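Colleague: The structure under discussion is supplied below as structure tokens; questions concerning it will follow.
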Amino acid sequence: MGNGDGPNTGGGEYGNGQGRGVIGNPVPITKDQRWLGGRVMVEFIIDRNGNVISTRVLHPHPKTTIMLTNDDKKFIEKDCKAKFKFTPSSSAKPKDRVFKQMEYTLE
């Protein structure tokens, strides 16, 4: 997992996710050899309790360095949604939008 921040733009019905950290150390699964050393920007929509409501791979995006098919994007979105949880929020907004740069590598 990368430590880069995305644009963190909230607005509208979403908070900006400021101060929301990842709980634990989720490890993304590498599906394909093409992903060796690649980075993917992922948008997370999370509730007040830190549960992931939805994910979206941002591709194309300047910080996404892997060429992805639609199946690749669906795989990453499902993997991130299943593994990630964020710290709770005291924000007045019911949901936050958080951007994270994920790094996929082969072990």
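Each chain in the structure tokens gets a letter, A, B and so on, in the order shown; residues start at 1 in every chain, and ligands are counted from 1 in the order they appear.
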Using only C-alpha atoms, which protein or nucleic acid residues come within 8 Å of A:Phe86? Drop anything in the same chain fewer than 5 positions from it, and give the result as JSON, numbers by chain.
Modeller: {"A": [20, 21, 22, 23, 46, 49, 50, 51, 52]}
Colleague: Write out as a list of chain:residue names which residues come within 12 Å of A:Ala92 when counting only C-alpha atoms, dropping same-chain ones fewer than 5 positions away.
Modeller: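 Counting only C-alpha atoms, the residues come to A:Glu13, A:Tyr14, A:Gly15, A:Asn16, A:Gly17, A:Asp47, A:Arg48.
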Colleague: For each of A:Phe75, A:Gly38, A:Asn70, A:Ser90, take the minimum atom-to-atom distance to A:Thr55, counting only C-alpha atoms, then give the residue where this is smallest.
Modeller: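 Of A:Phe75, A:Gly38, A:Asn70, A:Ser90, the one nearest A:Thr55, counting only C-alpha atoms, is A:Phe75.
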Colleague: With distances taken over only C-alpha atoms, which of A:Arg39, A:Ala82, A:Thr65, A:Ser89 is nearest to A:Tyr104?
Modeller: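 Distance minimum relative to A:Tyr104 lands on A:Arg39.
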Colleague: What does the distance from atom CA of A:Phe84 to atom CA of A:Gly19 come to in Å, to one decimal?
Modeller: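 One can read the atom CA of A:Phe84 to atom CA of A:Gly19 distance as 15.7 Å.
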Colleague: One decimal, in Å: what's the spacing between atom CA of A:Ile66 and atom CA of A:Gln18?
Modeller: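 Separating atom CA of A:Ile66 from atom CA of A:Gln18 is a distance of 27.0 Å.
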